[in-house]
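target.pdb follows (PDB, C-alpha atoms):
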```pdb
ATOM      1  CA  MET A   1      22.563  -3.396  42.555
ATOM      2  CA  THR A   2      24.250  -0.447  40.843
ATOM      3  CA  LYS A   3      22.569   2.907  40.718
ATOM      4  CA  PRO A   4      21.180   3.576  37.221
ATOM      5  CA  ASP A   5      22.798   6.308  35.183
ATOM      6  CA  PRO A   6      20.105   9.043  34.926
ATOM      7  CA  SER A   7      20.802   9.564  31.212
ATOM      8  CA  GLU A   8      19.983   5.904  30.610
ATOM      9  CA  THR A   9      16.668   5.895  32.428
ATOM     10  CA  SER A  10      15.175   9.397  32.180
ATOM     11  CA  GLU A  11      12.572  10.292  29.585
ATOM     12  CA  PRO A  12      14.306  11.052  26.262
ATOM     13  CA  ASP A  13      14.688  14.747  25.617
ATOM     14  CA  GLY A  14      12.624  16.220  22.796
ATOM     15  CA  PRO A  15      12.729  19.536  20.992
ATOM     16  CA  SER A  16      10.985  22.699  22.239
ATOM     17  CA  ALA A  17       7.359  23.363  21.279
ATOM     18  CA  MET A  18       8.621  25.613  18.477
ATOM     19  CA  GLY A  19      11.016  22.855  17.399
ATOM     20  CA  TYR A  20       8.084  20.450  16.971
ATOM     21  CA  VAL A  21       6.218  23.011  14.874
ATOM     22  CA  VAL A  22       9.260  23.580  12.640
ATOM     23  CA  VAL A  23       9.585  19.805  12.052
ATOM     24  CA  TRP A  24       5.868  19.666  11.192
ATOM     25  CA  ILE A  25       6.233  22.541   8.672
ATOM     26  CA  VAL A  26       9.133  20.706   7.010
ATOM     27  CA  LEU A  27       7.028  17.518   6.872
ATOM     28  CA  ILE A  28       4.111  19.358   5.242
ATOM     29  CA  VAL A  29       6.442  21.009   2.709
ATOM     30  CA  LEU A  30       8.047  17.640   1.866
ATOM     31  CA  ALA A  31       4.628  16.007   1.422
ATOM     32  CA  THR A  32       3.608  18.826  -0.914
ATOM     33  CA  VAL A  33       6.842  18.484  -2.925
ATOM     34  CA  SER A  34       6.195  14.746  -3.210
ATOM     35  CA  LEU A  35       2.658  15.411  -4.466
ATOM     36  CA  LEU A  36       3.835  18.028  -6.996
ATOM     37  CA  VAL A  37       6.568  15.738  -8.330
ATOM     38  CA  SER A  38       4.041  12.956  -8.858
ATOM     39  CA  GLN A  39       1.633  15.321 -10.626
ATOM     40  CA  MET A  40       4.389  16.732 -12.837
ATOM     41  CA  TYR A  41       5.520  13.332 -14.003
ATOM     42  CA  GLY A  42       1.991  11.903 -13.886
ATOM     43  CA  GLY A  43       1.312   9.587 -16.801
ATOM     44  CA  GLY A  44       4.979   8.885 -17.398
ATOM     45  CA  GLY A  45       4.875   6.536 -14.445
ATOM     46  CA  GLY A  46       8.599   5.854 -14.373
ATOM     47  CA  SER A  47      10.460   4.172 -11.562
ATOM     48  CA  GLY A  48      12.575   7.337 -11.249
ATOM     49  CA  GLU A  49       9.489   9.159 -10.025
ATOM     50  CA  LEU A  50       8.834   6.382  -7.508
ATOM     51  CA  ALA A  51      12.457   6.586  -6.340
ATOM     52  CA  ILE A  52      12.050  10.327  -5.717
ATOM     53  CA  SER A  53       8.826   9.941  -3.734
ATOM     54  CA  LEU A  54      10.250   7.062  -1.684
ATOM     55  CA  THR A  55      13.373   9.101  -0.932
ATOM     56  CA  ILE A  56      11.205  11.992   0.256
ATOM     57  CA  ALA A  57       9.182   9.494   2.334
ATOM     58  CA  ALA A  58      12.401   8.200   3.919
ATOM     59  CA  VAL A  59      13.442  11.762   4.858
ATOM     60  CA  LYS A  60       9.987  12.410   6.359
ATOM     61  CA  ALA A  61      10.153   9.136   8.307
ATOM     62  CA  ALA A  62      13.630  10.040   9.594
ATOM     63  CA  LEU A  63      12.336  13.429  10.812
ATOM     64  CA  VAL A  64       9.377  11.831  12.610
ATOM     65  CA  ALA A  65      11.628   9.218  14.238
ATOM     66  CA  ALA A  66      14.395  11.661  15.197
ATOM     67  CA  PHE A  67      12.262  14.467  16.619
ATOM     68  CA  PHE A  68       8.673  13.371  17.298
ATOM     69  CA  MET A  69       9.809   9.960  18.590
ATOM     70  CA  HIS A  70      12.868  11.486  20.324
ATOM     71  CA  LEU A  71      15.447   9.148  18.777
ATOM     72  CA  ALA A  72      17.856  12.026  18.157
ATOM     73  CA  ARG A  73      18.427  12.620  21.859
ATOM     74  CA  GLY A  74      17.191   9.328  23.262
ATOM     75  CA  ARG A  75      19.078   6.205  24.295
ATOM     76  CA  ALA A  76      21.326   4.613  21.701
ATOM     77  CA  VAL A  77      19.624   1.262  22.260
ATOM     78  CA  HIS A  78      16.332   2.695  20.895
ATOM     79  CA  SER A  79      18.123   3.742  17.716
ATOM     80  CA  MET A  80      19.683   0.285  17.489
ATOM     81  CA  VAL A  81      16.264  -1.399  17.664
ATOM     82  CA  PHE A  82      14.953   1.033  15.049
ATOM     83  CA  ALA A  83      17.961   0.438  12.774
ATOM     84  CA  ALA A  84      17.566  -3.349  13.117
ATOM     85  CA  ALA A  85      13.881  -3.073  12.161
ATOM     86  CA  ILE A  86      14.816  -1.082   9.037
ATOM     87  CA  ALA A  87      17.551  -3.567   8.139
ATOM     88  CA  PHE A  88      15.233  -6.591   8.478
ATOM     89  CA  PHE A  89      12.497  -4.771   6.576
ATOM     90  CA  LEU A  90      14.876  -3.985   3.688
ATOM     91  CA  LEU A  91      16.238  -7.531   3.695
ATOM     92  CA  LEU A  92      12.705  -8.859   3.275
ATOM     93  CA  VAL A  93      11.640  -6.423   0.539
ATOM     94  CA  LEU A  94      14.923  -6.426  -1.397
ATOM     95  CA  GLY A  95      15.139 -10.222  -1.181
ATOM     96  CA  VAL A  96      11.712 -10.539  -2.756
ATOM     97  CA  ILE A  97      12.590  -8.010  -5.478
ATOM     98  CA  ALA A  98      15.840  -9.873  -6.181
ATOM     99  CA  ASP A  99      13.799 -13.054  -6.609
ATOM    100  CA  VAL A 100      11.133 -11.785  -9.011
ATOM    101  CA  GLY A 101      13.683  -9.575 -10.772
ATOM    102  CA  THR A 102      15.980 -12.429 -11.750
ATOM    103  CA  ARG A 103      13.468 -15.120 -12.708
ATOM    104  CA  SER A 104      13.939 -14.512 -16.434
ATOM    105  CA  ILE A 105      17.661 -15.137 -16.001
ATOM    106  CA  ALA A 106      17.052 -18.171 -13.810
ATOM    107  CA  SER A 107      14.499 -19.645 -16.216
ATOM    108  CA  ALA A 108      17.260 -19.992 -18.819
ATOM    109  CA  TYR A 109      18.851 -22.605 -16.547
ATOM    110  CA  VAL A 110      15.951 -24.114 -14.652
ATOM    111  CA  ASP A 111      12.623 -25.339 -16.033
ATOM    112  CA  ASP A 112      10.324 -24.835 -13.064
ATOM    113  CA  VAL A 113      10.952 -21.368 -11.616
ATOM    114  CA  GLY A 114       7.354 -20.382 -11.986
ATOM    115  CA  ASN A 115       7.617 -18.041 -14.955
TER     116      ASN A 115
ATOM    117  CA  MET B   1      -0.110   5.331  34.620
ATOM    118  CA  SER B   2       0.257   3.693  37.957
ATOM    119  CA  ALA B   3       3.484   4.738  39.584
ATOM    120  CA  GLU B   4       3.874   1.435  41.383
ATOM    121  CA  LEU B   5       7.367   0.038  41.525
ATOM    122  CA  GLU B   6       7.495  -3.580  40.442
ATOM    123  CA  VAL B   7       9.563  -5.947  42.530
ATOM    124  CA  GLN B   8      12.296  -6.594  39.957
ATOM    125  CA  TYR B   9      13.312  -2.914  39.660
ATOM    126  CA  ASP B  10      15.257  -0.793  42.100
ATOM    127  CA  THR B  11      13.871   2.514  40.815
ATOM    128  CA  LEU B  12      10.808   3.677  38.929
ATOM    129  CA  ALA B  13      13.066   5.355  36.368
ATOM    130  CA  ARG B  14      14.667   2.024  35.500
ATOM    131  CA  GLN B  15      11.234   0.380  35.272
ATOM    132  CA  HIS B  16      10.121   3.088  32.835
ATOM    133  CA  ALA B  17      13.314   2.749  30.799
ATOM    134  CA  THR B  18      12.558  -0.958  30.375
ATOM    135  CA  ALA B  19       8.982  -0.199  29.317
ATOM    136  CA  ARG B  20      10.303   2.290  26.747
ATOM    137  CA  LEU B  21      12.683  -0.295  25.313
ATOM    138  CA  GLY B  22       9.837  -2.827  25.240
ATOM    139  CA  MET B  23       7.725  -0.377  23.263
ATOM    140  CA  TRP B  24      10.507   0.096  20.702
ATOM    141  CA  LEU B  25      10.820  -3.675  20.307
ATOM    142  CA  PHE B  26       7.056  -3.891  19.784
ATOM    143  CA  LEU B  27       7.222  -1.137  17.148
ATOM    144  CA  ALA B  28      10.037  -3.026  15.398
ATOM    145  CA  SER B  29       7.872  -6.146  15.228
ATOM    146  CA  GLU B  30       4.988  -4.030  13.896
ATOM    147  CA  SER B  31       7.171  -2.721  11.091
ATOM    148  CA  LEU B  32       7.880  -6.307  10.024
ATOM    149  CA  LEU B  33       4.152  -7.111  10.098
ATOM    150  CA  PHE B  34       3.723  -4.395   7.476
ATOM    151  CA  GLY B  35       6.989  -5.517   5.850
ATOM    152  CA  GLY B  36       5.344  -8.702   4.555
ATOM    153  CA  LEU B  37       2.716  -6.662   2.719
ATOM    154  CA  PHE B  38       5.278  -4.188   1.376
ATOM    155  CA  ALA B  39       7.276  -7.157   0.043
ATOM    156  CA  LEU B  40       4.172  -8.521  -1.713
ATOM    157  CA  TYR B  41       3.517  -5.076  -3.165
ATOM    158  CA  ALA B  42       7.120  -4.864  -4.433
ATOM    159  CA  ALA B  43       6.875  -8.301  -6.074
ATOM    160  CA  TYR B  44       3.576  -7.668  -7.866
ATOM    161  CA  ARG B  45       4.531  -4.150  -8.893
ATOM    162  CA  PHE B  46       7.667  -5.634 -10.439
ATOM    163  CA  ILE B  47       5.663  -8.251 -12.355
ATOM    164  CA  TYR B  48       2.782  -5.936 -13.394
ATOM    165  CA  PRO B  49       4.244  -2.391 -13.651
ATOM    166  CA  ALA B  50       1.832  -1.073 -16.304
ATOM    167  CA  GLU B  51      -1.259  -2.515 -14.602
ATOM    168  CA  PHE B  52      -0.187  -1.039 -11.242
ATOM    169  CA  HIS B  53       0.184   2.413 -12.823
ATOM    170  CA  ALA B  54      -3.226   2.173 -14.467
ATOM    171  CA  ALA B  55      -4.871   0.994 -11.236
ATOM    172  CA  ALA B  56      -3.108   3.626  -9.101
ATOM    173  CA  ALA B  57      -4.417   6.312 -11.448
ATOM    174  CA  HIS B  58      -7.844   5.193 -10.294
ATOM    175  CA  ALA B  59      -7.017   5.628  -6.586
ATOM    176  CA  ASN B  60      -8.483   8.708  -4.902
ATOM    177  CA  VAL B  61      -5.384  10.950  -4.690
ATOM    178  CA  VAL B  62      -7.332  13.828  -3.130
ATOM    179  CA  LEU B  63      -8.605  11.809  -0.159
ATOM    180  CA  GLY B  64      -5.252  10.010   0.194
ATOM    181  CA  THR B  65      -3.422  13.342   0.273
ATOM    182  CA  ILE B  66      -5.826  14.966   2.739
ATOM    183  CA  ASN B  67      -5.299  11.937   4.984
ATOM    184  CA  THR B  68      -1.522  12.398   4.709
ATOM    185  CA  TYR B  69      -1.778  15.986   5.954
ATOM    186  CA  LEU B  70      -4.190  14.906   8.720
ATOM    187  CA  LEU B  71      -1.847  12.211  10.051
ATOM    188  CA  LEU B  72       1.277  14.400   9.855
ATOM    189  CA  THR B  73      -0.571  17.078  11.818
ATOM    190  CA  SER B  74      -1.845  14.556  14.366
ATOM    191  CA  SER B  75       1.759  13.491  14.994
ATOM    192  CA  LEU B  76       2.560  17.107  15.830
ATOM    193  CA  THR B  77      -0.417  17.492  18.176
ATOM    194  CA  VAL B  78       0.311  14.281  20.081
ATOM    195  CA  ALA B  79       3.984  15.295  20.459
ATOM    196  CA  LEU B  80       2.863  18.702  21.764
ATOM    197  CA  ALA B  81       0.329  17.072  24.126
ATOM    198  CA  ILE B  82       3.189  15.122  25.741
ATOM    199  CA  TYR B  83       5.313  18.287  25.842
ATOM    200  CA  GLU B  84       2.534  20.260  27.581
ATOM    201  CA  THR B  85       1.922  17.413  30.055
ATOM    202  CA  LYS B  86       5.622  17.449  30.906
ATOM    203  CA  HIS B  87       5.411  21.198  31.530
ATOM    204  CA  ALA B  88       2.340  20.885  33.788
ATOM    205  CA  ARG B  89      -0.112  22.514  31.365
ATOM    206  CA  ARG B  90      -2.809  19.876  31.599
ATOM    207  CA  HIS B  91      -5.581  21.928  30.027
ATOM    208  CA  ARG B  92      -3.557  22.557  26.841
ATOM    209  CA  ALA B  93      -2.522  18.906  26.762
ATOM    210  CA  LEU B  94      -6.182  17.817  26.935
ATOM    211  CA  ILE B  95      -7.080  20.080  24.002
ATOM    212  CA  LEU B  96      -4.110  18.867  21.927
ATOM    213  CA  LEU B  97      -4.948  15.238  22.633
ATOM    214  CA  ALA B  98      -8.585  15.870  21.686
ATOM    215  CA  ILE B  99      -7.425  17.445  18.398
ATOM    216  CA  THR B 100      -5.243  14.381  17.745
ATOM    217  CA  ILE B 101      -8.246  12.104  18.291
ATOM    218  CA  ALA B 102     -10.439  14.274  16.045
ATOM    219  CA  LEU B 103      -7.813  14.139  13.258
ATOM    220  CA  GLY B 104      -7.594  10.351  13.576
ATOM    221  CA  VAL B 105     -11.371   9.960  13.487
ATOM    222  CA  THR B 106     -11.538  12.185  10.382
ATOM    223  CA  PHE B 107      -8.849  10.014   8.795
ATOM    224  CA  GLU B 108     -10.970   6.905   9.398
ATOM    225  CA  ILE B 109     -14.138   8.555   8.064
ATOM    226  CA  LEU B 110     -12.378   9.628   4.849
ATOM    227  CA  LYS B 111     -10.983   6.101   4.457
ATOM    228  CA  GLY B 112     -14.528   4.767   4.803
ATOM    229  CA  VAL B 113     -15.756   7.200   2.132
ATOM    230  CA  GLU B 114     -12.932   6.068  -0.145
ATOM    231  CA  TYR B 115     -13.716   2.361   0.371
ATOM    232  CA  GLY B 116     -17.405   3.120  -0.272
ATOM    233  CA  GLN B 117     -16.602   4.811  -3.592
ATOM    234  CA  HIS B 118     -14.439   1.904  -4.749
ATOM    235  CA  LEU B 119     -16.889  -0.774  -3.651
ATOM    236  CA  ALA B 120     -19.731   1.015  -5.465
ATOM    237  CA  GLU B 121     -17.716   0.639  -8.682
ATOM    238  CA  GLY B 122     -17.169  -3.065  -8.119
ATOM    239  CA  ILE B 123     -13.600  -2.587  -6.954
ATOM    240  CA  ALA B 124     -13.543  -5.159  -4.163
ATOM    241  CA  PRO B 125     -10.617  -7.300  -2.984
ATOM    242  CA  GLY B 126      -9.659 -10.640  -4.532
ATOM    243  CA  GLY B 127     -12.356 -12.726  -6.207
ATOM    244  CA  TYR B 128     -15.036 -10.100  -5.562
ATOM    245  CA  TYR B 129     -13.433  -7.656  -8.021
ATOM    246  CA  SER B 130     -15.784  -6.795 -10.869
ATOM    247  CA  TYR B 131     -14.507  -3.517 -12.354
ATOM    248  CA  ALA B 132     -14.147  -4.153 -16.079
ATOM    249  CA  ALA B 133     -12.433  -0.875 -17.058
ATOM    250  CA  LEU B 134      -9.033  -1.805 -15.611
ATOM    251  CA  PRO B 135      -6.698  -4.575 -16.842
ATOM    252  CA  ALA B 136      -7.630  -7.777 -15.082
ATOM    253  CA  HIS B 137      -4.659  -9.465 -13.368
ATOM    254  CA  GLY B 138      -2.476  -6.633 -12.134
ATOM    255  CA  ALA B 139      -5.327  -4.300 -11.155
ATOM    256  CA  VAL B 140      -6.986  -6.973  -9.001
ATOM    257  CA  LEU B 141      -3.664  -7.524  -7.218
ATOM    258  CA  TYR B 142      -3.120  -3.784  -6.809
ATOM    259  CA  PHE B 143      -6.558  -3.264  -5.274
ATOM    260  CA  THR B 144      -6.368  -6.382  -3.112
ATOM    261  CA  LEU B 145      -3.077  -5.092  -1.710
ATOM    262  CA  TYR B 146      -4.633  -1.637  -1.439
ATOM    263  CA  TYR B 147      -7.384  -3.050   0.810
ATOM    264  CA  LEU B 148      -4.968  -5.215   2.815
ATOM    265  CA  MET B 149      -2.353  -2.496   3.395
ATOM    266  CA  THR B 150      -4.665   0.445   4.037
ATOM    267  CA  GLY B 151      -7.075  -1.835   5.954
ATOM    268  CA  LEU B 152      -4.366  -3.109   8.281
ATOM    269  CA  HIS B 153      -3.194   0.481   8.700
ATOM    270  CA  ALA B 154      -6.752   1.683   9.412
ATOM    271  CA  LEU B 155      -7.024  -1.002  12.127
ATOM    272  CA  HIS B 156      -3.845   0.392  13.654
ATOM    273  CA  VAL B 157      -5.316   3.902  13.529
ATOM    274  CA  PHE B 158      -8.394   2.535  15.299
ATOM    275  CA  GLY B 159      -6.245   0.854  17.965
ATOM    276  CA  GLY B 160      -4.271   4.066  18.392
ATOM    277  CA  LEU B 161      -7.491   6.061  18.741
ATOM    278  CA  CYS B 162      -8.746   3.733  21.502
ATOM    279  CA  ALA B 163      -5.417   4.161  23.320
ATOM    280  CA  LEU B 164      -5.509   7.956  22.899
ATOM    281  CA  ALA B 165      -9.105   8.133  24.170
ATOM    282  CA  TRP B 166      -8.096   6.121  27.247
ATOM    283  CA  LEU B 167      -5.085   8.430  27.765
ATOM    284  CA  TRP B 168      -7.344  11.480  27.462
ATOM    285  CA  VAL B 169      -9.484  10.119  30.300
ATOM    286  CA  LEU B 170      -6.391   9.415  32.424
ATOM    287  CA  LEU B 171      -5.125  12.929  31.783
ATOM    288  CA  TYR B 172      -8.536  14.415  32.549
ATOM    289  CA  ARG B 173      -8.670  12.557  35.857
ATOM    290  CA  GLY B 174      -5.223  13.841  36.766
ATOM    291  CA  ARG B 175      -3.593  10.403  36.586
ATOM    292  CA  LEU B 176      -0.896  11.629  34.179
ATOM    293  CA  THR B 177       1.436  14.124  35.800
ATOM    294  CA  PRO B 178       4.561  16.016  34.685
ATOM    295  CA  ASP B 179       6.664  13.453  36.567
ATOM    296  CA  SER B 180       4.696  10.346  35.697
ATOM    297  CA  HIS B 181       3.151  10.062  32.234
ATOM    298  CA  LEU B 182       4.833   7.012  30.769
ATOM    299  CA  ALA B 183       1.580   5.696  29.248
ATOM    300  CA  LEU B 184       1.136   8.918  27.284
ATOM    301  CA  GLU B 185       4.725   8.771  26.062
ATOM    302  CA  LEU B 186       4.274   5.160  24.853
ATOM    303  CA  GLY B 187       0.872   5.920  23.313
ATOM    304  CA  GLY B 188       2.516   8.788  21.432
ATOM    305  CA  LEU B 189       5.235   6.460  20.109
ATOM    306  CA  TYR B 190       2.569   4.085  18.800
ATOM    307  CA  TRP B 191       0.714   6.943  17.107
ATOM    308  CA  HIS B 192       3.927   8.090  15.399
ATOM    309  CA  LEU B 193       4.468   4.556  14.063
ATOM    310  CA  VAL B 194       1.000   4.676  12.496
ATOM    311  CA  ASP B 195       2.109   7.939  10.863
ATOM    312  CA  LEU B 196       5.411   6.386   9.696
ATOM    313  CA  VAL B 197       3.618   3.514   7.946
ATOM    314  CA  TRP B 198       1.284   5.940   6.172
ATOM    315  CA  ILE B 199       4.264   8.059   5.047
ATOM    316  CA  PHE B 200       5.311   5.068   2.892
ATOM    317  CA  LEU B 201       1.828   3.829   1.960
ATOM    318  CA  TRP B 202       0.824   7.199   0.502
ATOM    319  CA  PRO B 203       3.414   7.346  -2.347
ATOM    320  CA  LEU B 204       3.119   3.617  -3.093
ATOM    321  CA  ILE B 205      -0.682   3.578  -3.299
ATOM    322  CA  TYR B 206      -1.595   7.059  -4.492
ATOM    323  CA  LEU B 207       1.396   8.683  -6.191
ATOM    324  CA  VAL B 208       2.501   5.989  -8.664
ATOM    325  CA  ASN B 209      -0.092   6.866 -11.300
TER     326      ASN B 209
END
```

As structure tokens, the full file:
Amino acid sequence: MTKPDPSETSEPDGPSAMGYVVVWIVLIVLATVSLLVSQMYGGGGGSGELAISLTIAAVKAALVAAFFMHLARGRAVHSMVFAAAIAFFLLLVLGVIADVGTRSIASAYVDDVGN
Amino acid sequence: MSAELEVQYDTLARQHATARLGMWLFLASESLLFGGLFALYAAYRFIYPAEFHAAAAHANVVLGTINTYLLLTSSLTVALAIYETKHARRHRALILLAITIALGVTFEILKGVEYGQHLAEGIAPGGYYSYAALPAHGAVLYFTLYYLMTGLHALHVFGGLCALAWLWVLLYRGRLTPDSHLALELGGLYWHLVDLVWIFLWPLIYLVN
């Protein structure tokens, strides 16, 4: 049996205590920005506003994964599992949106598409 | 965590590396469990955009936002608890872990208050919905998904809290050491996932008004 490479088996390296606090401050600021944006555009309820808040959410999630969950300096295989989960998640959600979003087009050709 | 080497591994480090990878695979499967509900949300929001906006305006943004700050902070404290354990400062780690648990418990209490307020108004899931002030079809779907998504998430918070409480006891008894604290590391990963899910639930449920 080969000796394991220490970088492959040791606990993933995280930031310093101060590093964690800085990431947390950024997360709190981003959450507050997201809240303010939603209050500013409140009532308009456009999908642009939703796109902004989901983009901010994605940045927050990336920060949590990279630093709190140690993906940034962890094993590549952890990032691969994480990336696969995101890809499958998006495939599921976007596939469903593509379905409901094109039913009016499809109904022009097919009688029983459920709309 | 027991530092016993299982027969199929040549070193403890390799055994731990496998456990870490297993945890990531579990988290990936968890994200797809929530993925089904997010897909449903996307479909119904697409079909009933106006009704979803009207219903979301009725969600309790204040409690939802407080809970967002609580969970983000609890992610910090659990990360720091692991950091302090690694650096042999057990007392600090115990305090940080206790703060994490307190934040999670507060999250659950606020969620309970929120559910109580909605239920008192007749906003219940599915066929039990009886709130006349909001447009029928879309609002019922919004609130049913609201209960399903936040309910499933709250169950995960509860599971995470049980794990953290168990880890606190292990740490208190000196079973988690700077060199051997895999269980705490994995428990922390699970807690961060609970935070990640909420990061997306919060804008979708509370900020789309």

(request) Show me which bits of chain B are within 7 Å of chain A, counting all atoms listed in the file, as an MDAnalysis selection string. (result) chainID B and resid 13:14 17 21 24:25 28 31:32 35 38:39 42:43 53 69 73 76 79:80 189 192 196 199:200 203 207:209

Gap from CA of Tyr128 (chain B) to CA of Val140 (chain B) - Å, one decimal:
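Calculated distance between CA of Tyr128 (chain B) and CA of Val140 (chain B) is 9.3 Å.
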
Q: One decimal, Å: what's the distance from CA of His87 (chain B) over to CA of Leu176 (chain B), could you say?
A: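 Computing the Euclidean distance for CA of His87 (chain B) and CA of Leu176 (chain B) yields 11.8 Å.
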
| query | Do you know which residues the PyMOL selection byres ((chain B and resi 93) around 8) returns on this file, as a list in words? | reply |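 Against this file, the PyMOL selection byres ((chain B and resi 93) around 8) returns the residues Leu80, Ala81, Ile82, Tyr83, Glu84, Thr85, Arg89, Arg90, His91, Arg92, Leu94, Ile95, Leu96 and Leu97 of chain B.
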
A straight line from CA of His16 (chain B) to CA of Val169 (chain B) spans 21.0 Å

task = Just say which residues the PyMOL selection byres ((chain B and resi 63) around 9) picks in this file, as a ChimeraX atom specification.
result = /B:60-62,64-68,110-111,113-114

Review point. Which residues match the PyMOL selection byres ((chain B and resi 137-139) around 9) in the file above, as a list in words?
Key: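 Those residues are Tyr44, Arg45, Ile47, Tyr48, Pro49, Ala50, Glu51, Phe52, His53, Ala54, Ala55, Ala56, Leu134, Pro135, Ala136, Val140, Leu141, Tyr142, Phe143 and Thr144 of chain B.
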
Output for the residues just chosen: C-alpha atoms as a PDB file, keeping the file's coordinate frame:
```
ATOM      1  CA  TYR B  44       3.576  -7.668  -7.866  1.00  0.00           C
ATOM      2  CA  ARG B  45       4.531  -4.150  -8.893  1.00  0.00           C
ATOM      3  CA  ILE B  47       5.663  -8.251 -12.355  1.00  0.00           C
ATOM      4  CA  TYR B  48       2.782  -5.936 -13.394  1.00  0.00           C
ATOM      5  CA  PRO B  49       4.244  -2.391 -13.651  1.00  0.00           C
ATOM      6  CA  ALA B  50       1.832  -1.073 -16.304  1.00  0.00           C
ATOM      7  CA  GLU B  51      -1.259  -2.515 -14.602  1.00  0.00           C
ATOM      8  CA  PHE B  52      -0.187  -1.039 -11.242  1.00  0.00           C
ATOM      9  CA  HIS B  53       0.184   2.413 -12.823  1.00  0.00           C
ATOM     10  CA  ALA B  54      -3.226   2.173 -14.467  1.00  0.00           C
ATOM     11  CA  ALA B  55      -4.871   0.994 -11.236  1.00  0.00           C
ATOM     12  CA  ALA B  56      -3.108   3.626  -9.101  1.00  0.00           C
ATOM     13  CA  LEU B 134      -9.033  -1.805 -15.611  1.00  0.00           C
ATOM     14  CA  PRO B 135      -6.698  -4.575 -16.842  1.00  0.00           C
ATOM     15  CA  ALA B 136      -7.630  -7.777 -15.082  1.00  0.00           C
ATOM     16  CA  VAL B 140      -6.986  -6.973  -9.001  1.00  0.00           C
ATOM     17  CA  LEU B 141      -3.664  -7.524  -7.218  1.00  0.00           C
ATOM     18  CA  TYR B 142      -3.120  -3.784  -6.809  1.00  0.00           C
ATOM     19  CA  PHE B 143      -6.558  -3.264  -5.274  1.00  0.00           C
ATOM     20  CA  THR B 144      -6.368  -6.382  -3.112  1.00  0.00           C
TER      21      THR B 144
END
```

Show me, as a PyMOL selection string, the residues that have an atom within 8 Å of Val197 (chain B) when counting all atoms listed in the file, minus same-chain residues fewer than 4 positions from it.
chain B and resi 31+34+153+193+201
